[in-house]
file model-v7.txt (compact mmCIF, C-alpha atoms)
# COMPACT_ATOMS: atom_id res chain seq x y z
CA MET B 1 6.92 -89.13 49.60
CA THR B 2 7.63 -92.58 48.18
CA ARG B 3 7.20 -93.33 44.49
CA THR B 4 4.94 -96.19 43.43
CA MET B 5 6.99 -99.04 42.01
CA LYS B 6 6.43 -99.69 38.33
CA VAL B 7 6.84 -102.87 36.33
CA ARG B 8 9.86 -101.29 34.58
CA ASP B 9 11.62 -101.09 37.97
CA VAL B 10 11.77 -104.87 38.32
CA MET B 11 11.28 -106.42 34.86
CA ALA B 12 13.98 -108.34 33.03
CA LYS B 13 14.67 -106.91 29.58
CA ASP B 14 15.16 -109.00 26.43
CA PRO B 15 13.50 -112.19 27.64
CA ILE B 16 14.14 -115.56 26.06
CA THR B 17 11.44 -116.35 23.48
CA LEU B 18 10.36 -119.36 21.47
CA LYS B 19 8.79 -119.68 18.05
CA PRO B 20 5.46 -121.56 17.81
CA THR B 21 7.01 -123.98 15.30
CA ALA B 22 9.87 -125.00 17.62
CA SER B 23 9.73 -128.62 18.76
CA LEU B 24 9.18 -129.47 22.42
CA ARG B 25 12.70 -130.92 22.40
CA GLU B 26 14.14 -127.56 21.28
CA ALA B 27 11.94 -125.75 23.80
CA ALA B 28 12.97 -128.00 26.70
CA ILE B 29 16.65 -127.55 25.85
CA THR B 30 16.23 -123.76 25.59
CA LEU B 31 14.45 -123.53 28.95
CA ALA B 32 17.10 -125.71 30.60
CA ASP B 33 20.07 -123.91 29.01
CA GLU B 34 18.68 -120.50 29.97
CA CYS B 35 17.67 -121.64 33.49
CA VAL B 36 14.11 -120.36 33.08
CA GLY B 37 10.85 -122.14 33.81
CA GLY B 38 8.98 -120.64 30.89
CA CYS B 39 8.93 -117.91 28.28
CA PRO B 40 6.79 -116.07 25.75
CA VAL B 41 6.04 -117.62 22.38
CA VAL B 42 6.24 -115.05 19.58
CA ASP B 43 5.33 -115.06 15.89
CA ASP B 44 7.62 -113.91 13.08
CA ARG B 45 6.73 -110.26 13.75
CA GLY B 46 7.59 -110.63 17.45
CA LYS B 47 3.98 -110.50 18.65
CA ILE B 48 3.21 -112.66 21.68
CA ILE B 49 0.87 -115.52 20.81
CA GLY B 50 1.34 -117.70 23.88
CA MET B 51 3.44 -118.72 26.85
CA LEU B 52 5.27 -122.02 27.27
CA SER B 53 6.32 -123.35 30.65
CA GLU B 54 7.94 -126.51 31.92
CA VAL B 55 4.51 -127.42 33.27
CA ASP B 56 3.07 -127.33 29.74
CA ILE B 57 5.75 -129.77 28.58
CA LEU B 58 5.21 -132.04 31.57
CA GLU B 59 1.44 -131.98 30.98
CA ALA B 60 2.07 -133.16 27.41
CA LEU B 61 4.09 -136.06 28.83
CA LYS B 62 1.48 -136.86 31.46
CA THR B 63 -1.30 -137.16 28.92
CA GLN B 64 0.91 -139.43 26.82
CA HIS B 65 1.61 -142.08 29.48
CA LYS B 66 0.09 -143.10 32.77
CA GLU B 67 2.25 -144.06 35.74
CA LEU B 68 3.06 -147.75 36.04
CA ARG B 69 1.80 -149.46 39.17
CA MET B 70 4.25 -151.33 41.35
CA LEU B 71 3.78 -155.04 40.75
CA MET B 72 5.88 -156.27 43.67
CA PRO B 73 5.68 -155.45 47.37
CA PRO B 74 7.66 -152.29 48.22
CA GLU B 75 9.73 -154.18 50.82
CA ILE B 76 11.60 -156.06 48.09
CA THR B 77 14.56 -153.95 46.99
CA PHE B 78 14.73 -155.62 43.60
CA GLY B 79 11.05 -154.78 43.06
CA ILE B 80 11.60 -151.12 43.85
CA SER B 81 14.64 -150.85 41.59
CA PHE B 82 12.86 -152.68 38.81
CA VAL B 83 9.84 -150.36 38.96
CA GLU B 84 12.05 -147.24 39.11
CA ILE B 85 13.92 -148.40 36.00
CA ILE B 86 10.66 -149.06 34.17
CA LYS B 87 9.27 -145.66 35.22
CA GLU B 88 12.41 -143.96 33.92
CA ARG B 89 12.22 -145.91 30.67
CA GLU B 90 8.52 -145.07 30.36
CA ALA B 91 9.26 -141.38 30.97
CA LEU B 92 11.96 -141.43 28.31
CA ALA B 93 9.62 -143.22 25.91
CA ALA B 94 6.90 -140.65 26.61
CA PHE B 95 9.29 -137.78 25.93
CA LYS B 96 10.47 -139.47 22.74
CA GLU B 97 6.84 -139.56 21.60
CA VAL B 98 6.18 -135.87 22.33
CA GLU B 99 9.59 -134.31 21.61
CA ASN B 100 8.68 -133.51 18.01
CA ARG B 101 5.33 -131.94 18.86
CA LEU B 102 5.28 -128.21 18.28
CA VAL B 103 5.29 -125.52 20.95
CA GLN B 104 2.05 -124.12 19.49
CA ASP B 105 0.31 -127.43 20.29
CA VAL B 106 0.96 -127.28 24.04
CA MET B 107 1.54 -123.61 24.87
CA THR B 108 -0.89 -121.61 26.97
CA LYS B 109 -2.73 -119.38 24.52
CA GLU B 110 -4.36 -117.07 27.06
CA VAL B 111 -1.63 -114.52 27.77
CA HIS B 112 -1.85 -111.90 30.50
CA ALA B 113 0.52 -109.03 29.72
CA VAL B 114 1.39 -105.78 31.46
CA SER B 115 2.93 -102.47 30.45
CA PRO B 116 6.28 -101.19 31.79
CA ASP B 117 4.39 -98.21 33.22
CA ASP B 118 1.85 -100.31 35.14
CA ALA B 119 2.04 -100.20 38.92
CA LEU B 120 3.71 -103.33 40.28
CA GLU B 121 0.44 -104.31 41.95
CA ARG B 122 -1.04 -105.23 38.54
CA PRO B 123 1.27 -108.15 37.67
CA ILE B 124 1.10 -109.32 41.29
CA ARG B 125 -2.69 -109.41 41.09
CA LEU B 126 -2.55 -111.29 37.76
CA MET B 127 -0.03 -113.82 39.12
CA VAL B 128 -2.18 -114.57 42.14
CA GLN B 129 -5.52 -114.55 40.30
CA HIS B 130 -4.36 -116.79 37.44
CA LYS B 131 -1.73 -118.83 39.34
CA ILE B 132 1.04 -117.90 36.91
CA HIS B 133 4.73 -117.31 37.58
CA ARG B 134 5.73 -114.91 34.82
CA ILE B 135 4.07 -112.16 32.83
CA PRO B 136 5.31 -110.61 29.57
CA VAL B 137 5.80 -106.85 29.48
CA VAL B 138 4.64 -105.21 26.25
CA GLU B 139 4.57 -101.77 24.70
CA GLY B 140 1.90 -101.88 22.02
CA ASP B 141 2.48 -105.23 20.31
CA ARG B 142 6.21 -105.29 21.12
CA LEU B 143 7.66 -107.53 23.82
CA VAL B 144 10.03 -105.43 25.95
CA GLY B 145 10.51 -107.61 29.00
CA ILE B 146 9.17 -110.14 31.44
CA VAL B 147 8.36 -109.96 35.13
CA THR B 148 8.53 -113.03 37.37
CA ARG B 149 7.59 -113.66 40.98
CA GLY B 150 11.30 -113.53 41.85
CA ASP B 151 11.65 -110.14 40.12
CA VAL B 152 8.78 -108.81 42.22
CA LEU B 153 10.30 -110.05 45.47
CA ARG B 154 13.77 -108.73 44.66
CA GLY B 155 12.25 -105.41 43.62
CA PHE B 156 10.36 -104.98 46.86
CA PHE B 157 13.38 -105.75 49.02
CA ARG B 158 15.63 -103.45 47.04
CA HIS B 159 13.03 -100.69 46.98
CA THR B 160 12.41 -100.78 50.71
CA GLY B 161 16.13 -100.97 51.46
CA GLN B 162 15.37 -103.39 54.27
CA SER B 163 17.20 -106.35 52.81
CA THR B 164 20.67 -107.14 54.04
CA TYR B 165 20.75 -110.39 52.06
CA ARG B 166 22.73 -109.99 48.83
CA GLY B 167 22.42 -113.54 47.45
CA ALA B 168 20.04 -114.74 44.77
CA LEU B 169 16.41 -115.16 45.72

call {"tool": "encode", "arguments": {"input": "model-v7.txt", "output": "structure tokens"}}
result
Amino acid sequence: MTRTMKVRDVMAKDPITLKPTASLREAAITLADECVGGCPVVDDRGKIIGMLSEVDILEALKTQHKELRMLMPPEITFGISFVEIIKEREALAAFKEVENRLVQDVMTKEVHAVSPDDALERPIRLMVQHKIHRIPVVEGDRLVGIVTRGDVLRGFFRHTGQSTYRGAL
């Protein structure tokens, strides 16, 4: 008889977290340095109050500036280069304007969490239903881990023993 996989079988322990008062600059650097696309936002007691993802940061940039339109025909190389330089400058200017905004201003406040003892089907259902990539794992109010889509996939392949691929997913 096979055992039902639990969240604890695939979750990553001790996830990276952010404080709500961190700046978007600090948050972007943390996400990049840790090679994660998002993480829980916790208050001083360690309670989850939101989730911040790269998408949240990019949305803050998008609402700050609209894309420049190309003013010259695309066949002219100089025109293309000129527009690309302006777009890059505009993107940098937009980030400069939002980099000091706080995580709490752009984070997703509706958090879907699971327990380590939940069947693995629960976070999968939440990921699909809410179109999210990661779900915090909590015991009571305490953050004990995180489960991502990649964790789920790796867990299934390891559990079934059918994977011969040993590289990263």

call {"tool": "closest_residue", "arguments": {"input": "model-v7.txt", "among": "B:Arg101, B:Arg8, B:Glu54, B:Glu59", "to": "Cys35 in chain B", "atoms": "only C-alpha atoms"}}
result
B:Glu54

call {"tool": "closest_atom_pairs", "arguments": {"input": "model-v7.txt", "of": "range 15-43 of chain B", "to": "range 111-114 of chain B", "cutoff": "12 Å", "atoms": "only C-alpha atoms", "output": "CSV"}}
result
residue,atom,partner,partner_atom,distance
B:Cys39,CA,B:Val111,CA,11.1
B:Pro40,CA,B:Val111,CA,8.8
B:Val41,CA,B:Val111,CA,9.9
B:Val42,CA,B:Val111,CA,11.4

call {"tool": "closest_residue", "arguments": {"input": "model-v7.txt", "among": "B:Val147, B:Ile49, B:Leu102, B:Ala27", "to": "Asp9 in chain B", "atoms": "all atoms listed in the file"}}
result
B:Val147

call {"tool": "atom_distance", "arguments": {"input": "model-v7.txt", "atom1": "CA of Pro15 in chain B", "atom2": "CA of Val152 in chain B"}}
result
15.7 Å

call {"tool": "residues_around", "arguments": {"input": "model-v7.txt", "residues": "Asp56 in chain B", "least_positions_apart": "3", "cutoff": "10 Å", "atoms": "only C-alpha atoms", "output": "compact mmCIF listing (two decimals) with C-alpha atoms, keeping the file's coordinate frame"}}
result
# COMPACT_ATOMS: atom_id res chain seq x y z
CA LEU B 24 9.18 -129.47 22.42
CA GLY B 38 8.98 -120.64 30.89
CA MET B 51 3.44 -118.72 26.85
CA LEU B 52 5.27 -122.02 27.27
CA SER B 53 6.32 -123.35 30.65
CA GLU B 59 1.44 -131.98 30.98
CA ALA B 60 2.07 -133.16 27.41
CA LEU B 61 4.09 -136.06 28.83
CA LYS B 62 1.48 -136.86 31.46
CA VAL B 103 5.29 -125.52 20.95
CA ASP B 105 0.31 -127.43 20.29
CA VAL B 106 0.96 -127.28 24.04
CA MET B 107 1.54 -123.61 24.87
CA THR B 108 -0.89 -121.61 26.97

call {"tool": "residues_around", "arguments": {"input": "model-v7.txt", "residues": "range 131-145 of chain B", "least_positions_apart": "3", "cutoff": "6 Å", "atoms": "all atoms listed in the file", "output": "ChimeraX atom specification"}}
result
/B:12-15,47,113-115,127-128,148-149

call {"tool": "closest_residue", "arguments": {"input": "model-v7.txt", "among": "B:Leu120, B:Leu58, B:Gln129, B:Gly150", "to": "Arg3 in chain B", "atoms": "only C-alpha atoms"}}
result
B:Leu120

call {"tool": "atom_distance", "arguments": {"input": "model-v7.txt", "atom1": "CA of Pro116 in chain B", "atom2": "CA of Lys6 in chain B"}}
result
6.7 Å

call {"tool": "atom_distance", "arguments": {"input": "model-v7.txt", "atom1": "CA of Glu121 in chain B", "atom2": "CA of Phe156 in chain B"}}
result
11.1 Å

call {"tool": "closest_residue", "arguments": {"input": "model-v7.txt", "among": "B:Ile124, B:Val98, B:Ile146, B:Ile48", "to": "Glu26 in chain B", "atoms": "all atoms listed in the file"}}
result
B:Val98
